[in-house]
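What follows is the content of structure.cif (mmCIF, C-alpha atoms (C1' of nucleotides)).
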data_model
loop_
_atom_site.label_atom_id
_atom_site.label_comp_id
_atom_site.auth_asym_id
_atom_site.auth_seq_id
_atom_site.Cartn_x
_atom_site.Cartn_y
_atom_site.Cartn_z
CA MET A 1 24.40 16.21 -1.05
CA SER A 2 22.71 16.42 -4.45
CA GLY A 3 21.54 20.02 -4.03
CA VAL A 4 18.01 21.26 -3.60
CA THR A 5 16.25 20.23 -6.78
CA THR A 6 12.79 21.74 -7.14
CA GLU A 7 11.48 18.92 -9.28
CA GLN A 8 7.81 18.03 -9.47
CA THR A 9 5.73 15.01 -10.37
CA ALA A 10 5.72 14.26 -14.08
CA ALA A 11 1.92 14.22 -14.21
CA ASP A 12 0.82 17.83 -13.61
CA PRO A 13 2.13 20.64 -15.78
CA ALA A 14 3.93 23.41 -13.94
CA LEU A 15 1.09 25.37 -12.41
CA ARG A 16 3.31 26.08 -9.46
CA PRO A 17 6.75 25.02 -8.40
CA MET A 18 6.66 22.28 -5.79
CA ARG A 19 6.77 23.49 -2.24
CA ALA A 20 10.26 23.37 -0.79
CA ASP A 21 9.53 20.77 1.90
CA ALA A 22 7.63 18.59 -0.54
CA SER A 23 10.47 18.44 -3.04
CA ARG A 24 12.95 17.84 -0.25
CA ASN A 25 10.88 14.97 1.11
CA ARG A 26 10.46 13.47 -2.33
CA ALA A 27 14.22 13.39 -2.82
CA ARG A 28 14.77 11.87 0.62
CA LEU A 29 12.17 9.21 -0.11
CA VAL A 30 13.84 8.10 -3.33
CA GLU A 31 17.20 8.04 -1.60
CA ALA A 32 15.79 6.01 1.30
CA ALA A 33 14.03 3.65 -1.08
CA ARG A 34 17.24 2.96 -2.96
CA SER A 35 19.05 2.26 0.28
CA VAL A 36 16.35 -0.02 1.74
CA PHE A 37 15.74 -1.91 -1.49
CA THR A 38 19.45 -2.54 -1.85
CA ALA A 39 19.69 -3.78 1.71
CA ARG A 40 16.52 -5.88 2.05
CA GLY A 41 15.61 -6.63 -1.56
CA SER A 42 12.08 -7.79 -2.22
CA SER A 43 11.13 -7.87 1.45
CA ALA A 44 11.50 -4.13 1.92
CA THR A 45 8.31 -2.57 3.31
CA VAL A 46 6.99 0.92 2.69
CA GLU A 47 6.96 1.64 6.43
CA GLU A 48 10.66 0.90 6.53
CA ILE A 49 11.32 3.29 3.67
CA ALA A 50 9.19 6.01 5.24
CA LYS A 51 11.05 5.64 8.51
CA ALA A 52 14.43 5.72 6.78
CA ALA A 53 13.38 8.97 5.11
CA ASP A 54 12.12 10.41 8.46
CA VAL A 55 8.66 10.79 6.97
CA GLY A 56 5.18 9.36 7.62
CA VAL A 57 3.63 6.79 5.33
CA GLY A 58 0.98 9.34 4.37
CA THR A 59 3.66 11.58 2.91
CA LEU A 60 5.19 8.64 1.11
CA TYR A 61 1.89 7.74 -0.50
CA ARG A 62 1.24 11.34 -1.51
CA HIS A 63 4.36 11.24 -3.65
CA PHE A 64 4.21 7.57 -4.70
CA PRO A 65 0.65 6.19 -4.76
CA ARG A 66 1.81 2.61 -5.14
CA ARG A 67 4.80 0.76 -3.85
CA ILE A 68 5.91 0.01 -7.39
CA ASP A 69 6.10 3.73 -8.16
CA LEU A 70 8.97 3.96 -5.72
CA VAL A 71 10.84 1.26 -7.59
CA GLU A 72 10.22 3.12 -10.81
CA ALA A 73 11.46 6.41 -9.35
CA VAL A 74 14.67 4.83 -8.08
CA TYR A 75 15.27 3.19 -11.44
CA ARG A 76 14.60 6.40 -13.38
CA GLU A 77 17.12 8.24 -11.23
CA ASP A 78 19.71 5.53 -11.80
CA VAL A 79 19.19 5.69 -15.55
CA ASP A 80 19.34 9.48 -15.58
CA GLU A 81 22.55 9.46 -13.61
CA LEU A 82 24.03 6.94 -16.03
CA VAL A 83 23.15 8.94 -19.14
CA GLY A 84 24.25 12.11 -17.32
CA HIS A 85 27.76 10.66 -17.19
CA ALA A 86 27.78 10.71 -20.98
CA ARG A 87 27.10 14.45 -21.15
CA GLU A 88 29.30 15.85 -18.38
CA ASP A 89 32.73 15.16 -19.88
CA ASP A 90 31.93 16.78 -23.19
CA ALA A 91 35.18 18.55 -24.02
CA THR A 92 36.92 18.47 -20.67
CA THR A 93 38.31 14.95 -20.67
CA ASP A 94 39.93 12.64 -23.18
CA ALA A 95 37.49 10.98 -25.60
CA TRP A 96 38.80 7.47 -24.90
CA GLN A 97 38.72 7.98 -21.15
CA GLY A 98 35.16 9.22 -21.54
CA LEU A 99 34.19 5.95 -23.18
CA VAL A 100 35.98 3.89 -20.54
CA ASP A 101 34.37 5.82 -17.70
CA TRP A 102 30.93 5.55 -19.16
CA LEU A 103 31.16 1.80 -19.73
CA ASP A 104 32.41 1.37 -16.20
CA ALA A 105 29.40 3.33 -14.96
CA PHE A 106 27.23 1.09 -17.09
CA VAL A 107 28.61 -2.05 -15.51
CA ARG A 108 28.01 -0.61 -12.06
CA TYR A 109 24.49 0.36 -13.03
CA ALA A 110 23.74 -3.13 -14.33
CA GLN A 111 25.14 -4.68 -11.17
CA ALA A 112 23.00 -2.44 -8.96
CA LYS A 113 19.93 -3.22 -11.02
CA ARG A 114 20.30 -6.88 -10.16
CA THR A 115 19.90 -6.34 -6.43
CA PHE A 116 16.20 -5.60 -6.81
CA LEU A 117 15.51 -7.28 -10.11
CA THR A 118 12.28 -8.92 -9.01
CA GLU A 119 10.77 -5.55 -8.12
CA LEU A 120 12.04 -4.04 -11.34
CA HIS A 121 10.54 -6.78 -13.45
CA GLU A 122 7.18 -6.09 -11.84
CA ALA A 123 7.57 -2.41 -12.67
CA PHE A 124 8.28 -3.24 -16.30
CA GLU A 125 5.26 -5.51 -16.35
CA LYS A 126 3.03 -2.76 -14.99
CA ASN A 127 4.46 -0.01 -17.17
CA PRO A 128 6.05 -1.27 -20.41
CA ASP A 129 6.98 2.28 -21.46
CA LEU A 130 9.49 2.41 -18.64
CA ALA A 131 11.52 -0.35 -20.24
CA VAL A 132 11.59 1.07 -23.76
CA GLU A 133 12.19 4.66 -22.66
CA SER A 134 15.11 3.64 -20.49
CA ARG A 135 16.56 1.47 -23.20
CA GLU A 136 16.39 4.34 -25.67
CA LYS A 137 17.95 6.81 -23.25
CA ILE A 138 20.83 4.48 -22.55
CA ALA A 139 21.28 3.66 -26.23
CA ARG A 140 21.52 7.37 -27.04
CA ALA A 141 24.12 7.88 -24.33
CA ALA A 142 26.13 4.92 -25.56
CA GLY A 143 25.97 6.33 -29.09
CA THR A 144 27.24 9.68 -27.86
CA VAL A 145 30.34 8.47 -26.08
CA LEU A 146 31.10 5.93 -28.80
CA ARG A 147 30.80 8.42 -31.65
CA ARG A 148 32.93 10.92 -29.81
CA ALA A 149 35.68 8.33 -29.40
CA GLN A 150 35.35 7.34 -33.05
CA ASP A 151 35.52 10.96 -34.23
CA ALA A 152 38.70 11.35 -32.20
CA GLY A 153 40.09 8.29 -33.99
CA VAL A 154 40.64 6.25 -30.84
CA ALA A 155 37.82 3.74 -31.36
CA ARG A 156 37.27 1.44 -34.32
CA PRO A 157 34.79 3.01 -36.71
CA ASP A 158 33.11 -0.29 -37.61
CA VAL A 159 31.56 -0.80 -34.18
CA GLY A 160 27.92 0.22 -33.81
CA GLN A 161 26.21 1.38 -30.67
CA GLU A 162 23.96 -1.69 -30.88
CA ASP A 163 27.03 -3.95 -30.89
CA LEU A 164 28.27 -2.24 -27.78
CA MET A 165 24.97 -2.62 -25.94
CA GLN A 166 24.62 -6.23 -26.98
CA LEU A 167 28.14 -7.03 -25.86
CA VAL A 168 28.15 -5.28 -22.52
CA GLY A 169 24.48 -5.68 -21.73
CA GLY A 170 24.49 -9.40 -22.36
CA MET A 171 27.63 -9.74 -20.30
CA CYS A 172 25.98 -8.11 -17.32
CA MET A 173 22.77 -10.07 -17.52
CA ALA A 174 24.53 -13.37 -16.91
CA ARG A 175 23.71 -14.83 -13.53
CA ASN A 176 26.28 -15.15 -10.75
CA ALA A 177 28.75 -12.74 -12.28
CA THR A 178 30.48 -10.46 -9.79
CA LEU A 179 31.27 -6.82 -10.31
CA GLU A 180 34.97 -7.66 -10.51
CA GLN A 181 34.43 -10.32 -13.17
CA ASN A 182 32.40 -7.94 -15.25
CA GLN A 183 34.98 -5.20 -14.94
CA ARG A 184 37.65 -7.66 -16.07
CA LEU A 185 35.52 -8.68 -19.04
CA LEU A 186 35.00 -5.02 -19.79
CA THR A 187 38.73 -4.52 -20.28
CA PHE A 188 38.67 -7.23 -22.95
CA VAL A 189 35.81 -5.54 -24.71
CA LEU A 190 37.62 -2.22 -24.55
CA ASP A 191 40.74 -3.76 -26.04
CA GLY A 192 38.61 -5.05 -28.86
CA ILE A 193 37.06 -1.67 -29.52
CA ARG A 194 40.23 0.43 -29.43
CA ALA A 195 41.47 1.61 -32.82
CA GLN A 196 44.63 -0.18 -33.93
CA PRO A 197 47.42 2.35 -34.65
CA MET B 1 -5.91 -37.11 -17.79
CA SER B 2 -2.38 -37.70 -16.62
CA GLY B 3 -3.14 -40.89 -14.73
CA VAL B 4 -3.00 -41.50 -11.01
CA THR B 5 0.62 -40.88 -10.11
CA THR B 6 1.51 -41.94 -6.59
CA GLU B 7 4.34 -39.47 -6.28
CA GLN B 8 5.52 -38.08 -2.96
CA THR B 9 7.36 -35.03 -1.73
CA ALA B 10 11.02 -35.03 -2.64
CA ALA B 11 12.08 -34.45 0.97
CA ASP B 12 11.23 -37.67 2.82
CA PRO B 13 12.57 -41.03 1.63
CA ALA B 14 9.93 -43.62 0.84
CA LEU B 15 8.83 -44.81 4.26
CA ARG B 16 5.35 -45.21 2.88
CA PRO B 17 3.63 -44.49 -0.38
CA MET B 18 1.54 -41.34 -0.25
CA ARG B 19 -2.09 -41.85 0.61
CA ALA B 20 -4.31 -41.98 -2.47
CA ASP B 21 -6.34 -38.86 -1.70
CA ALA B 22 -3.19 -36.94 -0.84
CA SER B 23 -1.47 -37.69 -4.11
CA ARG B 24 -4.64 -36.96 -6.03
CA ASN B 25 -5.03 -33.61 -4.30
CA ARG B 26 -1.41 -32.75 -4.88
CA ALA B 27 -1.79 -33.30 -8.61
CA ARG B 28 -4.98 -31.25 -8.70
CA LEU B 29 -3.26 -28.43 -6.84
CA VAL B 30 -0.39 -28.20 -9.30
CA GLU B 31 -2.84 -28.29 -12.19
CA ALA B 32 -4.98 -25.57 -10.60
CA ALA B 33 -1.93 -23.47 -9.82
CA ARG B 34 -0.75 -23.59 -13.40
CA SER B 35 -4.17 -22.55 -14.62
CA VAL B 36 -4.61 -19.70 -12.13
CA PHE B 37 -1.06 -18.38 -12.52
CA THR B 38 -1.47 -18.35 -16.29
CA ALA B 39 -4.77 -16.51 -16.01
CA ARG B 40 -4.05 -13.97 -13.26
CA GLY B 41 -0.26 -13.76 -13.24
CA SER B 42 1.35 -12.26 -10.18
CA SER B 43 -1.97 -11.37 -8.54
CA ALA B 44 -3.04 -14.99 -8.14
CA THR B 45 -3.86 -15.81 -4.51
CA VAL B 46 -3.51 -19.14 -2.75
CA GLU B 47 -7.21 -19.11 -1.83
CA GLU B 48 -8.04 -18.90 -5.51
CA ILE B 49 -5.81 -21.85 -6.29
CA ALA B 50 -7.23 -23.91 -3.43
CA LYS B 51 -10.77 -23.20 -4.61
CA ALA B 52 -9.88 -24.08 -8.22
CA ALA B 53 -8.54 -27.41 -6.95
CA ASP B 54 -11.66 -27.99 -4.80
CA VAL B 55 -9.50 -28.17 -1.70
CA GLY B 56 -9.10 -26.17 1.51
CA VAL B 57 -6.15 -23.88 2.07
CA GLY B 58 -4.99 -26.16 4.87
CA THR B 59 -4.53 -28.97 2.40
CA LEU B 60 -2.74 -26.67 0.02
CA TYR B 61 -0.28 -25.63 2.72
CA ARG B 62 0.31 -29.22 3.79
CA HIS B 63 1.66 -29.97 0.32
CA PHE B 64 3.25 -26.58 -0.41
CA PRO B 65 4.32 -24.77 2.77
CA ARG B 66 4.98 -21.51 0.95
CA ARG B 67 3.30 -19.89 -2.01
CA ILE B 68 6.57 -19.97 -3.92
CA ASP B 69 6.72 -23.75 -3.61
CA LEU B 70 3.66 -23.94 -5.83
CA VAL B 71 5.44 -21.90 -8.49
CA GLU B 72 8.40 -24.23 -8.22
CA ALA B 73 6.21 -27.33 -8.55
CA VAL B 74 4.49 -26.01 -11.66
CA TYR B 75 7.82 -25.12 -13.20
CA ARG B 76 9.37 -28.50 -12.40
CA GLU B 77 6.44 -30.24 -14.08
CA ASP B 78 6.81 -28.06 -17.15
CA VAL B 79 10.50 -28.84 -17.38
CA ASP B 80 9.94 -32.55 -16.88
CA GLU B 81 7.32 -32.60 -19.58
CA LEU B 82 9.69 -30.81 -21.92
CA VAL B 83 12.57 -33.19 -21.35
CA GLY B 84 10.10 -36.09 -21.55
CA HIS B 85 9.42 -35.15 -25.14
CA ALA B 86 13.05 -35.89 -25.91
CA ARG B 87 12.80 -39.47 -24.67
CA GLU B 88 9.44 -40.63 -25.99
CA ASP B 89 10.19 -40.65 -29.71
CA ASP B 90 13.30 -42.77 -29.36
CA ALA B 91 13.09 -45.08 -32.34
CA THR B 92 9.49 -44.63 -33.34
CA THR B 93 9.71 -41.38 -35.28
CA ASP B 94 12.13 -39.81 -37.72
CA ALA B 95 15.25 -38.32 -36.14
CA TRP B 96 14.84 -34.95 -37.86
CA GLN B 97 11.17 -34.75 -36.97
CA GLY B 98 12.14 -35.55 -33.39
CA LEU B 99 14.45 -32.54 -33.32
CA VAL B 100 11.83 -30.29 -34.88
CA ASP B 101 9.16 -31.42 -32.45
CA TRP B 102 11.38 -30.96 -29.45
CA LEU B 103 12.45 -27.45 -30.41
CA ASP B 104 8.84 -26.54 -31.01
CA ALA B 105 8.01 -27.81 -27.54
CA PHE B 106 10.89 -25.74 -26.23
CA VAL B 107 9.55 -22.57 -27.79
CA ARG B 108 6.13 -23.26 -26.29
CA TYR B 109 7.72 -23.91 -22.91
CA ALA B 110 9.65 -20.63 -23.05
CA GLN B 111 6.54 -18.73 -24.04
CA ALA B 112 4.54 -20.22 -21.18
CA LYS B 113 7.33 -19.41 -18.75
CA ARG B 114 6.97 -15.74 -19.55
CA THR B 115 3.39 -15.54 -18.31
CA PHE B 116 4.50 -15.80 -14.71
CA LEU B 117 8.08 -14.69 -14.98
CA THR B 118 8.01 -12.45 -11.94
CA GLU B 119 7.02 -15.35 -9.71
CA LEU B 120 9.58 -17.59 -11.33
CA HIS B 121 12.37 -15.13 -10.79
CA GLU B 122 11.50 -15.04 -7.10
CA ALA B 123 11.63 -18.84 -7.01
CA PHE B 124 15.10 -18.80 -8.58
CA GLU B 125 16.18 -16.20 -6.07
CA LYS B 126 14.97 -18.31 -3.17
CA ASN B 127 16.32 -21.58 -4.51
CA PRO B 128 19.25 -21.19 -6.90
CA ASP B 129 19.51 -24.96 -7.39
CA LEU B 130 16.20 -24.91 -9.22
CA ALA B 131 17.69 -22.78 -11.99
CA VAL B 132 20.85 -24.82 -12.50
CA GLU B 133 19.11 -28.20 -12.22
CA SER B 134 16.51 -27.21 -14.78
CA ARG B 135 19.12 -25.80 -17.11
CA GLU B 136 21.10 -29.02 -16.94
CA LYS B 137 18.04 -31.18 -17.53
CA ILE B 138 17.08 -29.18 -20.56
CA ALA B 139 20.62 -29.12 -21.87
CA ARG B 140 20.80 -32.92 -21.63
CA ALA B 141 17.53 -33.27 -23.50
CA ALA B 142 18.71 -30.88 -26.19
CA GLY B 143 21.91 -32.89 -26.50
CA THR B 144 19.94 -36.10 -26.90
CA VAL B 145 17.71 -35.01 -29.76
CA LEU B 146 20.54 -33.16 -31.46
CA ARG B 147 22.97 -36.06 -31.31
CA ARG B 148 20.34 -38.46 -32.57
CA ALA B 149 19.73 -36.21 -35.59
CA GLN B 150 23.46 -35.89 -36.16
CA ASP B 151 23.98 -39.66 -35.94
CA ALA B 152 21.26 -40.09 -38.54
CA GLY B 153 23.14 -37.65 -40.75
CA VAL B 154 20.31 -35.15 -41.00
CA ALA B 155 21.82 -32.42 -38.81
CA ARG B 156 25.14 -30.65 -39.27
CA PRO B 157 27.79 -32.30 -37.08
CA ASP B 158 29.53 -29.03 -36.22
CA VAL B 159 26.67 -27.67 -34.12
CA GLY B 160 26.95 -28.11 -30.37
CA GLN B 161 24.14 -28.41 -27.89
CA GLU B 162 25.33 -25.17 -26.30
CA ASP B 163 25.01 -23.38 -29.63
CA LEU B 164 21.47 -24.62 -29.92
CA MET B 165 20.51 -23.46 -26.45
CA GLN B 166 22.14 -20.08 -26.91
CA LEU B 167 20.40 -19.58 -30.23
CA VAL B 168 16.92 -20.65 -29.28
CA GLY B 169 17.05 -19.61 -25.66
CA GLY B 170 18.22 -16.11 -26.44
CA MET B 171 15.58 -15.83 -29.11
CA CYS B 172 12.82 -16.65 -26.67
CA MET B 173 14.07 -14.31 -23.96
CA ALA B 174 13.55 -11.23 -26.11
CA ARG B 175 10.67 -9.09 -24.91
CA ASN B 176 7.47 -8.63 -26.90
CA ALA B 177 8.04 -11.60 -29.14
CA THR B 178 4.91 -13.60 -29.91
CA LEU B 179 4.68 -17.36 -30.15
CA GLU B 180 4.18 -17.06 -33.91
CA GLN B 181 7.27 -14.89 -34.37
CA ASN B 182 9.36 -17.31 -32.41
CA GLN B 183 8.07 -20.28 -34.37
CA ARG B 184 8.94 -18.44 -37.59
CA LEU B 185 12.43 -17.73 -36.29
CA LEU B 186 12.72 -21.36 -35.32
CA THR B 187 12.26 -22.43 -38.93
CA PHE B 188 15.26 -20.29 -39.87
CA VAL B 189 17.35 -21.88 -37.15
CA LEU B 190 16.26 -25.33 -38.30
CA ASP B 191 17.23 -24.53 -41.88
CA GLY B 192 20.62 -23.50 -40.60
CA ILE B 193 21.09 -26.71 -38.68
CA ARG B 194 19.94 -29.17 -41.33
CA ALA B 195 22.73 -31.13 -42.98
CA GLN B 196 23.36 -30.04 -46.58
CA PRO B 197 23.04 -33.00 -49.01
"C1'" DA C 1 -15.19 -54.39 11.69
"C1'" DA C 2 -12.18 -51.84 14.49
"C1'" DC C 3 -8.10 -49.17 14.98
"C1'" DT C 4 -4.52 -45.84 13.94
"C1'" DA C 5 -1.84 -42.94 11.25
"C1'" DT C 6 -2.55 -39.65 7.94
"C1'" DA C 7 -5.00 -36.02 5.55
"C1'" DC C 8 -8.69 -32.52 5.26
"C1'" DG C 9 -10.93 -28.01 6.08
"C1'" DG C 10 -11.66 -23.41 7.35
"C1'" DA C 11 -11.65 -19.96 11.09
"C1'" DG C 12 -8.39 -16.72 12.62
"C1'" DG C 13 -3.64 -14.35 13.57
"C1'" DG C 14 -0.29 -11.31 11.91
"C1'" DC C 15 1.72 -8.59 8.48
"C1'" DT C 16 1.63 -5.42 4.62
"C1'" DC C 17 -0.25 -2.13 1.38
"C1'" DC C 18 -2.88 1.72 1.11
"C1'" DT C 19 -6.63 5.57 2.68
"C1'" DC C 20 -8.48 9.30 5.28
"C1'" DC C 21 -8.72 13.41 7.77
"C1'" DG C 22 -7.38 16.62 11.55
"C1'" DG C 23 -3.35 19.35 12.59
"C1'" DT C 24 0.72 21.97 10.75
"C1'" DT C 25 3.57 24.67 7.75
"C1'" DA C 26 4.94 27.31 3.75
"C1'" DT C 27 3.74 30.94 0.38
"C1'" DG C 28 1.49 35.25 -1.51
"C1'" DC C 29 -0.37 39.69 -0.39
"C1'" DA C 30 -1.29 43.98 2.31
"C1'" DT D 1 6.01 42.24 9.10
"C1'" DG D 2 1.61 39.76 9.91
"C1'" DC D 3 -2.33 37.30 8.11
"C1'" DA D 4 -5.17 34.18 5.02
"C1'" DT D 5 -5.21 30.10 2.65
"C1'" DA D 6 -3.64 26.51 -0.02
"C1'" DA D 7 -0.63 22.73 0.24
"C1'" DC D 8 1.45 19.32 2.96
"C1'" DC D 9 2.41 16.14 6.93
"C1'" DG D 10 1.46 12.21 9.95
"C1'" DG D 11 -0.20 8.06 11.82
"C1'" DA D 12 -4.34 5.44 13.16
"C1'" DG D 13 -7.15 2.19 10.86
"C1'" DG D 14 -9.41 -0.61 6.89
"C1'" DA D 15 -8.82 -4.36 3.56
"C1'" DG D 16 -6.63 -8.20 1.70
"C1'" DC D 17 -3.31 -11.76 1.63
"C1'" DC D 18 -0.14 -15.41 3.42
"C1'" DC D 19 0.14 -18.82 6.58
"C1'" DT D 20 -1.06 -21.71 11.20
"C1'" DC D 21 -3.67 -24.58 14.21
"C1'" DC D 22 -6.53 -28.11 15.64
"C1'" DG D 23 -10.89 -30.71 15.65
"C1'" DT D 24 -12.97 -33.87 12.26
"C1'" DA D 25 -12.96 -37.32 8.54
"C1'" DT D 26 -10.92 -41.01 5.94
"C1'" DA D 27 -7.56 -44.44 3.86
"C1'" DG D 28 -4.99 -48.47 4.88
"C1'" DT D 29 -4.04 -52.44 8.09
"C1'" DT D 30 -5.06 -56.48 11.19
#
Using the file provided, produce a representation of the structure as structure tokens.
Amino acid sequence: MSGVTTEQTAADPALRPMRADASRNRARLVEAARSVFTARGSSATVEEIAKAADVGVGTLYRHFPRRIDLVEAVYREDVDELVGHAREDDATTDAWQGLVDWLDAFVRYAQAKRTFLTELHEAFEKNPDLAVESREKIARAAGTVLRRAQDAGVARPDVGQEDLMQLVGGMCMARNATLEQNQRLLTFVLDGIRAQP
Amino acid sequence: MSGVTTEQTAADPALRPMRADASRNRARLVEAARSVFTARGSSATVEEIAKAADVGVGTLYRHFPRRIDLVEAVYREDVDELVGHAREDDATTDAWQGLVDWLDAFVRYAQAKRTFLTELHEAFEKNPDLAVESREKIARAAGTVLRRAQDAGVARPDVGQEDLMQLVGGMCMARNATLEQNQRLLTFVLDGIRAQP
DNA sequence: AACTATACGGAGGGCTCCTCCGGTTATGCA
DNA sequence: TGCATAACCGGAGGAGCCCTCCGTATAGTT
């Protein structure tokens, strides 16, 4: 239920808006890919994904010429959704709660990333820009929510966005850590970041 | 030139020593696999490896039932060679030089590991024991060389083996770091560890 | 030297990624 | 609205790769 987005492939400049069915199918394909990758991991096949999206393999390959492009598309959506969280609650919610919510989203994102990490690593290998672009996007988002909390006086001013990423990112990268463990650890980090009255 | 080792698969207990040609072919296969994986990365095929070892694919599959088993074998050899370095220079060489040499070997090992990291991650995924066993082996070796240097009074006594691993391991995991950069960083770490007179 | 257990080799099966092209559908214009 | 055409859909099939099977060759033993 993410609305009808008339997005188009990043390659061609907007000569024409994508046809309605094409953009709908593209969205369904990414959604299906996320679902199948999460369920079957590395052994997910493109036929499976096409079937889950109610689409032929030909259509799939029109949108995503190589299997790895699907992985990339899913990952890009995940990253965009994560950084989107940082923009939404601009003035509506509490600054501290905004930080808490965003870090929680980050932990969930990192956890989800681990379910198809082998595929993702291959994507990074094939397209190094993907890694640096995503890292920058996320760093900017982290900076936004952190600075907002600091400006409101609820977060310690001597914590940098890099510190935050290092702390939380490293935490999530550790093997055999469950979502619950990471969320528990996150509360410790948050206690450490909160401004002392 | 590693000598004729009459090793056998880890699975079956020693009912009989491996036949000479079999053990020779096994060694050649691992050697060929290392070479081909290093050269072609993820796109290395088993046919290529068999040809490089002057052996048929049937023979390859007798020794390594699945492609991933080859990756595992190469990795195990690399780890064993690394921890071997820690034992060789027991009383022959200087304790400090022993530590330096071993850490240098470690950096080289980590660098080599990155050339086929996608494959390796899959191997860890399939066989989690491989990761923990290797980590323990390496940790023990690190402890050995470190303690020896500390007993000789040339390394600070307040540095733990875990600190060492965290420091050097984390350093090597960073993306786009060259062997030279890491070796430079290693000199800083060594300066920090050396006992102050 | 003969015998037997063990290993070798490579043709072929099955699966997966990806391509190609005839049929179908959406969009712009009269 | 109705038509022309450009864009899109679908699935059969090619190519390549992992892995199996079984007849042949060889090392080790008596």
Check what the PyMOL selection byres ((chain B and resi 27-36) around 12) selects in the file above and give those residues as an mmCIF file with C-alpha atoms, in the frame of the given file.
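What ended up in expr-v7.cif:
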data_model
loop_
_atom_site.group_PDB
_atom_site.id
_atom_site.type_symbol
_atom_site.label_atom_id
_atom_site.label_comp_id
_atom_site.auth_asym_id
_atom_site.auth_seq_id
_atom_site.Cartn_x
_atom_site.Cartn_y
_atom_site.Cartn_z
ATOM 1 C CA MET B 1 -5.910 -37.110 -17.790
ATOM 2 C CA SER B 2 -2.380 -37.700 -16.620
ATOM 3 C CA GLY B 3 -3.140 -40.890 -14.730
ATOM 4 C CA VAL B 4 -3.000 -41.500 -11.010
ATOM 5 C CA THR B 5 0.620 -40.880 -10.110
ATOM 6 C CA THR B 6 1.510 -41.940 -6.590
ATOM 7 C CA GLU B 7 4.340 -39.470 -6.280
ATOM 8 C CA GLN B 8 5.520 -38.080 -2.960
ATOM 9 C CA THR B 9 7.360 -35.030 -1.730
ATOM 10 C CA ALA B 20 -4.310 -41.980 -2.470
ATOM 11 C CA ASP B 21 -6.340 -38.860 -1.700
ATOM 12 C CA ALA B 22 -3.190 -36.940 -0.840
ATOM 13 C CA SER B 23 -1.470 -37.690 -4.110
ATOM 14 C CA ARG B 24 -4.640 -36.960 -6.030
ATOM 15 C CA ASN B 25 -5.030 -33.610 -4.300
ATOM 16 C CA ARG B 26 -1.410 -32.750 -4.880
ATOM 17 C CA PHE B 37 -1.060 -18.380 -12.520
ATOM 18 C CA THR B 38 -1.470 -18.350 -16.290
ATOM 19 C CA ALA B 39 -4.770 -16.510 -16.010
ATOM 20 C CA ARG B 40 -4.050 -13.970 -13.260
ATOM 21 C CA GLY B 41 -0.260 -13.760 -13.240
ATOM 22 C CA SER B 42 1.350 -12.260 -10.180
ATOM 23 C CA SER B 43 -1.970 -11.370 -8.540
ATOM 24 C CA ALA B 44 -3.040 -14.990 -8.140
ATOM 25 C CA THR B 45 -3.860 -15.810 -4.510
ATOM 26 C CA VAL B 46 -3.510 -19.140 -2.750
ATOM 27 C CA GLU B 47 -7.210 -19.110 -1.830
ATOM 28 C CA GLU B 48 -8.040 -18.900 -5.510
ATOM 29 C CA ILE B 49 -5.810 -21.850 -6.290
ATOM 30 C CA ALA B 50 -7.230 -23.910 -3.430
ATOM 31 C CA LYS B 51 -10.770 -23.200 -4.610
ATOM 32 C CA ALA B 52 -9.880 -24.080 -8.220
ATOM 33 C CA ALA B 53 -8.540 -27.410 -6.950
ATOM 34 C CA ASP B 54 -11.660 -27.990 -4.800
ATOM 35 C CA VAL B 55 -9.500 -28.170 -1.700
ATOM 36 C CA GLY B 56 -9.100 -26.170 1.510
ATOM 37 C CA VAL B 57 -6.150 -23.880 2.070
ATOM 38 C CA THR B 59 -4.530 -28.970 2.400
ATOM 39 C CA LEU B 60 -2.740 -26.670 0.020
ATOM 40 C CA TYR B 61 -0.280 -25.630 2.720
ATOM 41 C CA ARG B 62 0.310 -29.220 3.790
ATOM 42 C CA HIS B 63 1.660 -29.970 0.320
ATOM 43 C CA PHE B 64 3.250 -26.580 -0.410
ATOM 44 C CA ARG B 67 3.300 -19.890 -2.010
ATOM 45 C CA ILE B 68 6.570 -19.970 -3.920
ATOM 46 C CA ASP B 69 6.720 -23.750 -3.610
ATOM 47 C CA LEU B 70 3.660 -23.940 -5.830
ATOM 48 C CA VAL B 71 5.440 -21.900 -8.490
ATOM 49 C CA GLU B 72 8.400 -24.230 -8.220
ATOM 50 C CA ALA B 73 6.210 -27.330 -8.550
ATOM 51 C CA VAL B 74 4.490 -26.010 -11.660
ATOM 52 C CA TYR B 75 7.820 -25.120 -13.200
ATOM 53 C CA ARG B 76 9.370 -28.500 -12.400
ATOM 54 C CA GLU B 77 6.440 -30.240 -14.080
ATOM 55 C CA ASP B 78 6.810 -28.060 -17.150
ATOM 56 C CA ALA B 112 4.540 -20.220 -21.180
ATOM 57 C CA LYS B 113 7.330 -19.410 -18.750
ATOM 58 C CA THR B 115 3.390 -15.540 -18.310
ATOM 59 C CA PHE B 116 4.500 -15.800 -14.710
ATOM 60 C CA GLU B 119 7.020 -15.350 -9.710
#
**Message:** For a test of reading the model, state the distance in Å between atom CA of Ala110 of chain A and atom CA of Gly169 of chain A, rounded to one decimal.
**Reply:**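 Straight-line distance from atom CA of Ala110 of chain A to atom CA of Gly169 of chain A works out to 7.9 Å.
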**Message:** Evaluated on this file, the PyMOL selection byres ((chain D and resi 13-18) around 10) picks out some residues - which ones are they, written as a ChimeraX atom specification?
**Reply:** /B:45-47,66-67 /C:14-20 /D:11-12,19
